[in-house]
Every structure is written in C-alpha cells, then in structure tokens.
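Chemist: Have a look at the structure that comes next, please.
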Amino acid sequence: MLSRRKFLSLTSAVAAHLFFAPWLNASKNAQKRNLLFLAIDDLRPVMGCYGGKAITPNIDKFSASATTFSHHYVQWPVCGPSRAALMSGLRPDTSGVYQNSQANITSKHQDKWPAMSRYFYDNGYKTFSFGKIYHGKGVAKSYGWSEKPWNPPSAWTCYVNFKRKKKSSWRPAYEIYDGPDNLHGDYQTADKAIEKLEQNKNNLFCIFAGFYKPHLPFVAPKKYWDMYDHDKIERLKPMEMPAGVIDHAYKYSELHSYGDQKGSMFSKENRPDDEDAINLTHAYYASVSFIDAQIGRIFKHLDELGLSENTAVVIWGDHGFHLGDQARWAKHTQLENDMRSPLMIRLPGIEHKKQTLNNLVETVDIYPTVCEYLGLAAPKHLDGTSLVPVMTGKDKTGKEAAFSQYSPVPKEHSYLMIYSARTRHYRYIQWRDTNDNNKLIDEELYDLRDFPAETKNVVKEPEYKSALKNCRDIMNKHLKIEG
Ligand SMILES: [Ca+2]
C-alpha cells in the first residue's frame with residue numbers, strides 16, 4: 001500500500017514526465033549499465049599517469065584500464081561555470097553561466113535543458129550526489145536527484161579551524177595535520193559513495209562524488225606529506241609569464257586570500273618565494289595523493305561488488321591550476337595550465353582504447369558520452385559530442401579545436417570576455433569588450449608544438465600570419481560570438 005505522501009510524489013513524478021520530460025527513453029535500460037562519476041576540484045594533470053610528480057598509484061592503475069585524455073579542456077577556468085557546463089552539457093555562452101553565483105541559471109531552465117542528473121533520473125536511474133558536484137550547495141536540490149545531495153560538514157575547514165572548533169577568516173594556504181584520514185570531508189564523501197554502491201548494486205544508478213581537494217587550502221593528513229622527499233620537490237617550469245602575454249586582467253589570484261601569503265593581489269612582489277613555493281607544491285601533491293587514496297577505496301568496493309563490469313567510470317578535474325609556473329598561482333587565466341585538466345573514462349562492455357589519446361576533447365563532451373554508454377539518446381540541446389567514436393578509434397581525428405572562455409575578476413575587469421581556441425598546434429586567445437558590442441580589442445597566439453606551456457605571444461610575428469588567420473577562422477566558424 002502506498003502512503004499518501006508516496007502516492008502524491010509518485011503522481012507528481014509521473015505528471016512531470018508526461019508534461020515536462022519528452023526526452024524519456026526508459027526502454028533502453030535493458031543493458032543495465034551504471035555511472036560512477038568522480039570530480040576532483042582544481043586538479044591539474046600532475047598524476048604519474050600524466051607524467052607528473054604526484055604519487056597516485058590508484059589513479060595510475062585505473063588509467064591502465066581506461067582511456068586517458070591528454071588534451072581535455074574545460075569550458076571555464078573556475079569551479080561554478082565549469083561544473084555548470086559539465087552537468088548541463090552547455091557552453092557558458094549558451095547557458096549564460098559566467099560566475100559561481102550564477103550556477104542556478106541552468107536550474108531555472110531544467111525542463112528545457114535537463115542536467116545529466118535530471119535526465120538520468122527521468123530515465124529510471126537512481127541518482128546521487130556526494131560532495132562537490134555543482135558549485136554551491138543550494139544549486140543541486142532541484143536537479144533530479146533521488147536523494148538530497150550530501151556534503152561533508154568539514155569540506156572547507158582547514159585543521160587550524162577544526163582545532164578551534166569555530167570558523168575563522170584567517171586560514172593558511174597549506175597545512176599538515178597529524179590526524180586520522182576520516183576527519184577529512186573528502187574521506188567521508190568516499191564513504192558515502194561506497195555505501196551507495198553497496199545499497200544499489202542491484203539497481204540502475206548514477207553516482208556523482210566530488211572531492212574538495214586539492215583545492216586551496218591544501219590540507220592533507222601527515223602521512224600523505226610523508227610520501228614525498230621534501231628536498232626533491234622541484235618548482236615547475238617555465239618560471240616566467242609568456243613574453244608578450246596580455247596580462248592586464250591577470251592581477252587576481254585566490255592564493256592571496258590566505259592569511260600566510262603576502263599581499264591581497266597578485267604581483268611580482270607578492271609571489272611566494274622559493275621556499276614557500278616548494279612548500280605549496282609539496283602540499284598540493286600531498287592533497288592529490290590523499291584524494292588518490294579515497295578513489296582507491298571506492299574502486300576496491302566497485303570491484304568487490306562486481307560493478308566494475310557494467311559501470312562507466314569517469315575521473316574529471318574541473319579545470320587546471322598554476323603551481324608557480326608561468327609566474328602564476330591558482331587559475332583564472334585562459335592559458336593552457338588553467339584550461340587543461342585530467343579526463344579519464346572507462347566504459348566496460350565497449351571495446352575502447354586503453355591508452356592515452358591526444359585528441360582535443362572538451363568537458364561538454366562528457367554528457368553525450370555517458371548517454372551513449374547508458375543507451376540513451378543524447379538530448380538535442382547539448383553543445384558537445386560523444387567521445388565513444390574517438391575512444392573506439394572509429395573517429396581518428398576528433399575536433400579541430402577546443403573552446404573556452406572567461407570573464408576576469410576583479411570586478412573592474414568584468415567587462416572583458418576572453419575566448420580561447422586550442423587547436424592541435426596553437427592556443428589562440430581573443431579579448432573582447434562586452435561594453436562595446438563585444439569588440440575585439442586584443443589577441444594572443446601561442447605556438448605549443450615545442451613547448452608544453454605558452455612562452456611567447458607570436459600574434460604579431462609575420463611567419464605566423466597564416467596560422468593566425470586559420471585560428472581566427474576556426475573561432476568564427478565554431479563560436480557565434482554576438483557583436
Ligand atoms: Ca575548481
């Protein structure tokens with residue numbers, strides 16, 4: 001017998017399907033495939049499997065059974081808009097989500113633009129959100145979750161504040177704590193994902209688990225710091241900003257909101273010195289190793305429950321991160337180190353390449369990829385395309401460019417909109433003035449054939465004239481920048 005409450009919720013759900021969910025596609029669920037999505041905040045590709053120095057045995061082991069994308073680009077180099085692009089499958093210029101505080105915009109349009117969670121929920125999946133998936137706890141409520149999204153209580157609390165048992169505006173940028181792993185919010189997020197895997201091993205499910213580290217402050221238990229020989233931690237290169245970079249709006253760095261850092265804005269004088277830069281780099285790696293351990297715990301249970309055979313696993317970083325290289329810390333630029341983030345996908349049951357692929361891929365491609373795996377038609381509103389043809393080798397080329405955009409902080413620069421196109425060989429950047437009909441006011445062009453990061457803006461060099469024209473044409477063809 002259904003209770004009145006359950007009956008009402010059932011009838012309202014059916015009504016919602018009838019009137020608001022024309023995309024229903026439930027008959028395809030016969031394949032019994034699931035999704036485990038793991039989001040990692042501010043993760044640049046420092047893991048061993050990406051050729052980096054962070055110690056990540058669990059993610060490295062996973063990479064051997066997955067497709068590891070070496071050239072995955074996010075749509076925006078800040079949490080909120082990047083995550084909105086992930087979940088909605090829309091570019092920022094489509095959704096209008098340009099700020100962390102705007103992430104709710106897509107929820108207002110969820111009947112027109114169902115987010116991944118809503119779409120999968122409406123197609124019969126149990127959908128769960130643990131930790132940081134959207135930016136902002138309130139955003140996720142109405143997105144078609146089977147249960148209210150769960151967040152760890154201590155996600156942002158550094159250990160200094162934990163000991164004080166109260167919040168404080170002063171906090172260090174990095175911290176060792178000699179305590180048990182399970183005090184850390186990200187440990188608790190992994191626990192929730194594990195619990196939900198066990199409870200739903202016989203259901204169709206989509207579990208989204210998001211880890212708050214290695215976002216600042218870099219806080220990890222001591223044993224993860226001790227995995228590294230501090231004397232062997234090196235500063236990342238190149239150390240200087242690219243020659244000729246358009247940097248007038250690159251004065252902000254969130255590193256300087258931490259009490260142990262110099263100044264409140266980024267400047268040459270305020271940059272961490274060598275010793276502090278090494279400490280920060282060590283702390284970042286320790287935080288990454290801590291997250292790797294949490295992912296290892298989840299994978300162990302996925303295997304033991306027999307779910308690795310029919311569960312897609314995606315590991316995704318919401319954008320890159322500068323660790324003092326290019327004279328930058330944190331994100332907030334259109335440079336390669338902020339736009340490029342890890343993406344690893346394993347689709348059991350589909351014969352895909354278990355190797356690193358260097359095709360250009362974008363965050364908006366994830367939604368249609370998961371749809372294809374689950375046997376659901378991708379909603380027509382999506383801006384991306386499924387990566388399955390690239391992963392299986394049917395599509396040998398993929399996209400000619402990955403596109404991103406960004407409107408800088410602080411506020412006096414918010415009239416600027418920066419667009420970038422990452423082609424096979426180049427990074428091309430346009431600066432536009434939104435107060436002047438999106439007028440093009442500056443351009444940058446970087447040749448990335450010989451360097452992993454930008455070193456010199458060659459936009460005015462005669463030998464790059466045809467490359468510049470080609471990049472402009474690609475930008476014009478793919479982005480309908482209104483002006
Ligand atoms: Ca982030």
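Just so we're on the same page: first chain in the structure tokens is A, next is B, and so on; residues restart at 1 for each chain, and ligands are numbered from 1 in the order they show up.
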Neighbouring residues of ligand 1 are defined here as those with any atom at most 6 Å from a ligand atom, counting only C-alpha atoms and all ligand atoms; list them as a VMD selection string.
Modeler: chain A and resid 41 to 42 78 to 79 318
Chemist: What does the file look like for those residues with C-alpha atoms, as a short mmCIF file (atom, residue, chain, number, x, y, z; two decimals), in the first residue's frame?
Modeler:
```
data_model
loop_
_atom_site.label_atom_id
_atom_site.label_comp_id
_atom_site.auth_asym_id
_atom_site.auth_seq_id
_atom_site.Cartn_x
_atom_site.Cartn_y
_atom_site.Cartn_z
CA ASP A 41 38.46 20.16 -7.57
CA ASP A 42 41.32 22.21 -9.05
CA VAL A 78 36.62 28.48 -12.35
CA CYS A 79 34.52 25.93 -10.44
CA ASP A 318 37.06 20.96 -13.12
#
```
Chemist: Any chance you could tabulate, as a Markdown table, the residues of segment 306-420 of chain A at most 9 Å from segment 264-286 of chain A with each one's nearest atom pair and distance in Å to one decimal, using only C-alpha atoms, in chain and rising number order?
Modeler:
```
| residue | atom | partner | partner_atom | distance |
| --- | --- | --- | --- | --- |
| A:Leu323 | CA | A:Thr281 | CA | 6.5 |
| A:Gly324 | CA | A:Ala277 | CA | 6.8 |
| A:Ala327 | CA | A:Arg271 | CA | 7.8 |
| A:Arg328 | CA | A:Arg271 | CA | 8.3 |
| A:Trp329 | CA | A:Arg271 | CA | 8.4 |
```
Chemist: Please, could you write that set of residues out with C-alpha atoms as an mmCIF file, in the first residue's frame?
Modeler:
```cif
data_model
loop_
_atom_site.group_PDB
_atom_site.id
_atom_site.type_symbol
_atom_site.label_atom_id
_atom_site.label_comp_id
_atom_site.auth_asym_id
_atom_site.auth_seq_id
_atom_site.Cartn_x
_atom_site.Cartn_y
_atom_site.Cartn_z
ATOM 1 C CA LEU A 323 51.743 25.980 -9.301
ATOM 2 C CA GLY A 324 54.010 28.979 -9.674
ATOM 3 C CA ALA A 327 54.747 33.159 -12.592
ATOM 4 C CA ARG A 328 51.123 32.315 -11.742
ATOM 5 C CA TRP A 329 49.341 30.618 -8.874
#
```
Chemist: If you run DSSP on the backbone, which residues of segment 181-318 of chain A are alpha helix (DSSP H), as a ChimeraX atom specification?
Modeler: /A:185-199,222-225,274-304
Chemist: Please produce a file of those selected residues containing C-alpha atoms, as an mmCIF file, in the first residue's frame.
Modeler:
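Full text of again.cif as output:
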```cif
data_model
loop_
_atom_site.group_PDB
_atom_site.id
_atom_site.type_symbol
_atom_site.label_atom_id
_atom_site.label_comp_id
_atom_site.auth_asym_id
_atom_site.auth_seq_id
_atom_site.Cartn_x
_atom_site.Cartn_y
_atom_site.Cartn_z
ATOM 1 C CA GLY A 185 35.474 15.700 4.472
ATOM 2 C CA ASP A 186 36.702 14.011 1.304
ATOM 3 C CA TYR A 187 37.162 10.753 3.179
ATOM 4 C CA GLN A 188 33.529 10.982 4.244
ATOM 5 C CA THR A 189 32.458 11.650 0.651
ATOM 6 C CA ALA A 190 34.203 8.444 -0.445
ATOM 7 C CA ASP A 191 32.440 6.602 2.394
ATOM 8 C CA LYS A 192 29.075 7.845 1.128
ATOM 9 C CA ALA A 193 29.836 6.718 -2.426
ATOM 10 C CA ILE A 194 30.877 3.285 -1.152
ATOM 11 C CA GLU A 195 27.734 2.962 0.969
ATOM 12 C CA LYS A 196 25.562 3.891 -2.004
ATOM 13 C CA LEU A 197 27.324 1.424 -4.318
ATOM 14 C CA GLU A 198 26.564 -1.350 -1.838
ATOM 15 C CA GLN A 199 22.925 -0.303 -1.443
ATOM 16 C CA LYS A 222 50.698 13.959 7.526
ATOM 17 C CA LYS A 223 51.179 10.513 6.080
ATOM 18 C CA TYR A 224 50.443 11.863 2.575
ATOM 19 C CA TRP A 225 53.061 14.585 3.022
ATOM 20 C CA ASP A 274 61.262 29.670 -3.468
ATOM 21 C CA GLU A 275 60.863 28.047 -0.069
ATOM 22 C CA ASP A 276 57.146 28.824 0.150
ATOM 23 C CA ALA A 277 56.607 27.761 -3.469
ATOM 24 C CA ILE A 278 58.187 24.386 -2.708
ATOM 25 C CA ASN A 279 56.033 24.048 0.412
ATOM 26 C CA LEU A 280 52.896 24.848 -1.608
ATOM 27 C CA THR A 281 53.860 22.374 -4.331
ATOM 28 C CA HIS A 282 54.546 19.663 -1.744
ATOM 29 C CA ALA A 283 51.204 20.408 -0.094
ATOM 30 C CA TYR A 284 49.362 20.228 -3.433
ATOM 31 C CA TYR A 285 50.924 16.854 -4.227
ATOM 32 C CA ALA A 286 50.061 15.563 -0.734
ATOM 33 C CA SER A 287 46.445 16.641 -1.258
ATOM 34 C CA VAL A 288 46.345 14.857 -4.618
ATOM 35 C CA SER A 289 47.777 11.684 -3.039
ATOM 36 C CA PHE A 290 45.124 11.868 -0.333
ATOM 37 C CA ILE A 291 42.376 12.043 -2.977
ATOM 38 C CA ASP A 292 44.030 9.177 -4.863
ATOM 39 C CA ALA A 293 43.707 7.061 -1.704
ATOM 40 C CA GLN A 294 39.987 7.893 -1.432
ATOM 41 C CA ILE A 295 39.439 6.924 -5.060
ATOM 42 C CA GLY A 296 41.322 3.694 -4.392
ATOM 43 C CA ARG A 297 38.887 2.856 -1.594
ATOM 44 C CA ILE A 298 35.915 3.418 -3.919
ATOM 45 C CA PHE A 299 37.465 1.329 -6.717
ATOM 46 C CA LYS A 300 38.131 -1.536 -4.297
ATOM 47 C CA HIS A 301 34.446 -1.700 -3.453
ATOM 48 C CA LEU A 302 33.394 -1.290 -7.075
ATOM 49 C CA ASP A 303 35.470 -4.370 -7.900
ATOM 50 C CA GLU A 304 34.360 -6.394 -4.888
#
```
Chemist: Just want the 8 Å neighbourhood of Ala243 of chain A, counted on only C-alpha atoms, with same-chain residues fewer than 3 positions away dropped. Output as a PDB file with C-alpha atoms, in the first residue's frame.
Modeler:
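Generated file (part-v4.pdb):
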```pdb
ATOM      1  CA  THR A 455      56.285  31.012 -23.585  1.00  0.00           C
ATOM      2  CA  LYS A 456      55.824  33.731 -26.215  1.00  0.00           C
ATOM      3  CA  ASN A 457      52.895  35.553 -27.798  1.00  0.00           C
TER       4      ASN A 457
END
```
Chemist: Name all residues at most 8 Å from Leu86 of chain A (count only C-alpha atoms; drop same-chain ones fewer than 6 positions away) and give them as a VMD selection string.
Modeler: chain A and resid 363 to 364 366 to 367
Chemist: Can you write just those residues out, N, CA and C atoms, as a PDB file, in the first residue's frame?
Modeler:
```pdb
ATOM      1  N   THR A 363      34.930  19.379 -21.883  1.00  0.00           N
ATOM      2  CA  THR A 363      34.029  18.958 -20.806  1.00  0.00           C
ATOM      3  C   THR A 363      32.602  18.737 -21.310  1.00  0.00           C
ATOM      4  N   VAL A 364      32.131  19.576 -22.247  1.00  0.00           N
ATOM      5  CA  VAL A 364      30.748  19.399 -22.729  1.00  0.00           C
ATOM      6  C   VAL A 364      30.559  18.079 -23.486  1.00  0.00           C
ATOM      7  N   ILE A 366      31.276  15.183 -22.232  1.00  0.00           N
ATOM      8  CA  ILE A 366      31.077  14.088 -21.268  1.00  0.00           C
ATOM      9  C   ILE A 366      29.612  13.641 -21.208  1.00  0.00           C
ATOM     10  N   TYR A 367      28.700  14.609 -21.151  1.00  0.00           N
ATOM     11  CA  TYR A 367      27.260  14.283 -21.060  1.00  0.00           C
ATOM     12  C   TYR A 367      26.841  13.356 -22.210  1.00  0.00           C
TER      13      TYR A 367
END
```
Chemist: Which residues of segment 277-390 of chain A sit at most 7 Å from segment 68-74 of chain A, using only C-alpha atoms? Give each one's shortest atom pair and distance in Å (one decimal place), in chain and ascending residue order, as a tab-separated table.
Modeler:
```
residue	atom	partner	partner_atom	distance
A:Asp318	CA	A:Val74	CA	6.8
A:His319	CA	A:Val74	CA	5.8
A:Met339	CA	A:Tyr73	CA	5.3
A:Arg340	CA	A:Tyr73	CA	4.6
A:Ser341	CA	A:His72	CA	5.9
A:Pro342	CA	A:His72	CA	6.5
A:Leu343	CA	A:Phe69	CA	5.5
A:Met344	CA	A:Thr68	CA	4.4
A:Ile345	CA	A:Thr68	CA	6.6
A:Gln355	CA	A:Thr68	CA	6.0
A:Thr356	CA	A:Thr68	CA	4.5
A:Leu357	CA	A:Phe69	CA	5.1
A:Asn358	CA	A:Ser70	CA	5.1
A:Asn359	CA	A:His71	CA	6.2
A:Leu360	CA	A:His71	CA	5.2
A:Val361	CA	A:His72	CA	4.8
A:Glu362	CA	A:Tyr73	CA	4.9
A:Thr363	CA	A:Val74	CA	5.1
```
Chemist: Give me a file of those residues, with N, CA and C atoms, as a PDB file, in the first residue's frame.
Modeler:
```pdb
ATOM      1  N   ASP A 318      37.942  19.875 -12.639  1.00  0.00           N
ATOM      2  CA  ASP A 318      37.060  20.957 -13.120  1.00  0.00           C
ATOM      3  C   ASP A 318      37.816  22.086 -13.824  1.00  0.00           C
ATOM      4  N   HIS A 319      39.129  22.110 -13.731  1.00  0.00           N
ATOM      5  CA  HIS A 319      39.997  22.999 -14.513  1.00  0.00           C
ATOM      6  C   HIS A 319      41.420  22.746 -14.047  1.00  0.00           C
ATOM      7  N   MET A 339      43.326  25.781 -18.402  1.00  0.00           N
ATOM      8  CA  MET A 339      42.228  25.227 -19.201  1.00  0.00           C
ATOM      9  C   MET A 339      42.299  23.714 -19.332  1.00  0.00           C
ATOM     10  N   ARG A 340      43.505  23.158 -19.202  1.00  0.00           N
ATOM     11  CA  ARG A 340      43.692  21.720 -19.407  1.00  0.00           C
ATOM     12  C   ARG A 340      43.535  20.996 -18.068  1.00  0.00           C
ATOM     13  N   SER A 341      42.719  19.981 -18.053  1.00  0.00           N
ATOM     14  CA  SER A 341      42.529  19.222 -16.812  1.00  0.00           C
ATOM     15  C   SER A 341      42.431  17.737 -17.147  1.00  0.00           C
ATOM     16  N   PRO A 342      42.575  16.886 -16.130  1.00  0.00           N
ATOM     17  CA  PRO A 342      42.508  15.448 -16.386  1.00  0.00           C
ATOM     18  C   PRO A 342      41.101  14.995 -16.787  1.00  0.00           C
ATOM     19  N   LEU A 343      41.058  14.059 -17.698  1.00  0.00           N
ATOM     20  CA  LEU A 343      39.815  13.342 -18.010  1.00  0.00           C
ATOM     21  C   LEU A 343      40.186  11.907 -18.349  1.00  0.00           C
ATOM     22  N   MET A 344      39.608  10.985 -17.608  1.00  0.00           N
ATOM     23  CA  MET A 344      39.854   9.559 -17.826  1.00  0.00           C
ATOM     24  C   MET A 344      38.503   8.870 -17.822  1.00  0.00           C
ATOM     25  N   ILE A 345      38.295   8.013 -18.804  1.00  0.00           N
ATOM     26  CA  ILE A 345      36.986   7.363 -18.936  1.00  0.00           C
ATOM     27  C   ILE A 345      37.183   5.869 -19.186  1.00  0.00           C
ATOM     28  N   GLN A 355      44.470   3.538 -23.447  1.00  0.00           N
ATOM     29  CA  GLN A 355      45.717   4.256 -23.650  1.00  0.00           C
ATOM     30  C   GLN A 355      45.461   5.752 -23.561  1.00  0.00           C
ATOM     31  N   THR A 356      46.546   6.487 -23.620  1.00  0.00           N
ATOM     32  CA  THR A 356      46.410   7.935 -23.641  1.00  0.00           C
ATOM     33  C   THR A 356      46.104   8.388 -25.066  1.00  0.00           C
ATOM     34  N   LEU A 357      45.043   9.147 -25.210  1.00  0.00           N
ATOM     35  CA  LEU A 357      44.684   9.712 -26.508  1.00  0.00           C
ATOM     36  C   LEU A 357      44.929  11.217 -26.471  1.00  0.00           C
ATOM     37  N   ASN A 358      45.494  11.737 -27.557  1.00  0.00           N
ATOM     38  CA  ASN A 358      45.770  13.177 -27.560  1.00  0.00           C
ATOM     39  C   ASN A 358      44.752  13.981 -28.370  1.00  0.00           C
ATOM     40  N   ASN A 359      43.616  13.368 -28.695  1.00  0.00           N
ATOM     41  CA  ASN A 359      42.571  14.128 -29.385  1.00  0.00           C
ATOM     42  C   ASN A 359      42.117  15.297 -28.511  1.00  0.00           C
ATOM     43  N   LEU A 360      41.709  16.390 -29.167  1.00  0.00           N
ATOM     44  CA  LEU A 360      41.193  17.550 -28.432  1.00  0.00           C
ATOM     45  C   LEU A 360      39.765  17.250 -27.986  1.00  0.00           C
ATOM     46  N   VAL A 361      39.530  17.252 -26.680  1.00  0.00           N
ATOM     47  CA  VAL A 361      38.188  16.967 -26.171  1.00  0.00           C
ATOM     48  C   VAL A 361      37.810  18.013 -25.123  1.00  0.00           C
ATOM     49  N   GLU A 362      36.507  18.138 -24.889  1.00  0.00           N
ATOM     50  CA  GLU A 362      36.003  19.204 -24.020  1.00  0.00           C
ATOM     51  C   GLU A 362      35.071  18.633 -22.954  1.00  0.00           C
ATOM     52  N   THR A 363      34.930  19.379 -21.883  1.00  0.00           N
ATOM     53  CA  THR A 363      34.029  18.958 -20.806  1.00  0.00           C
ATOM     54  C   THR A 363      32.602  18.737 -21.310  1.00  0.00           C
TER      55      THR A 363
END
```
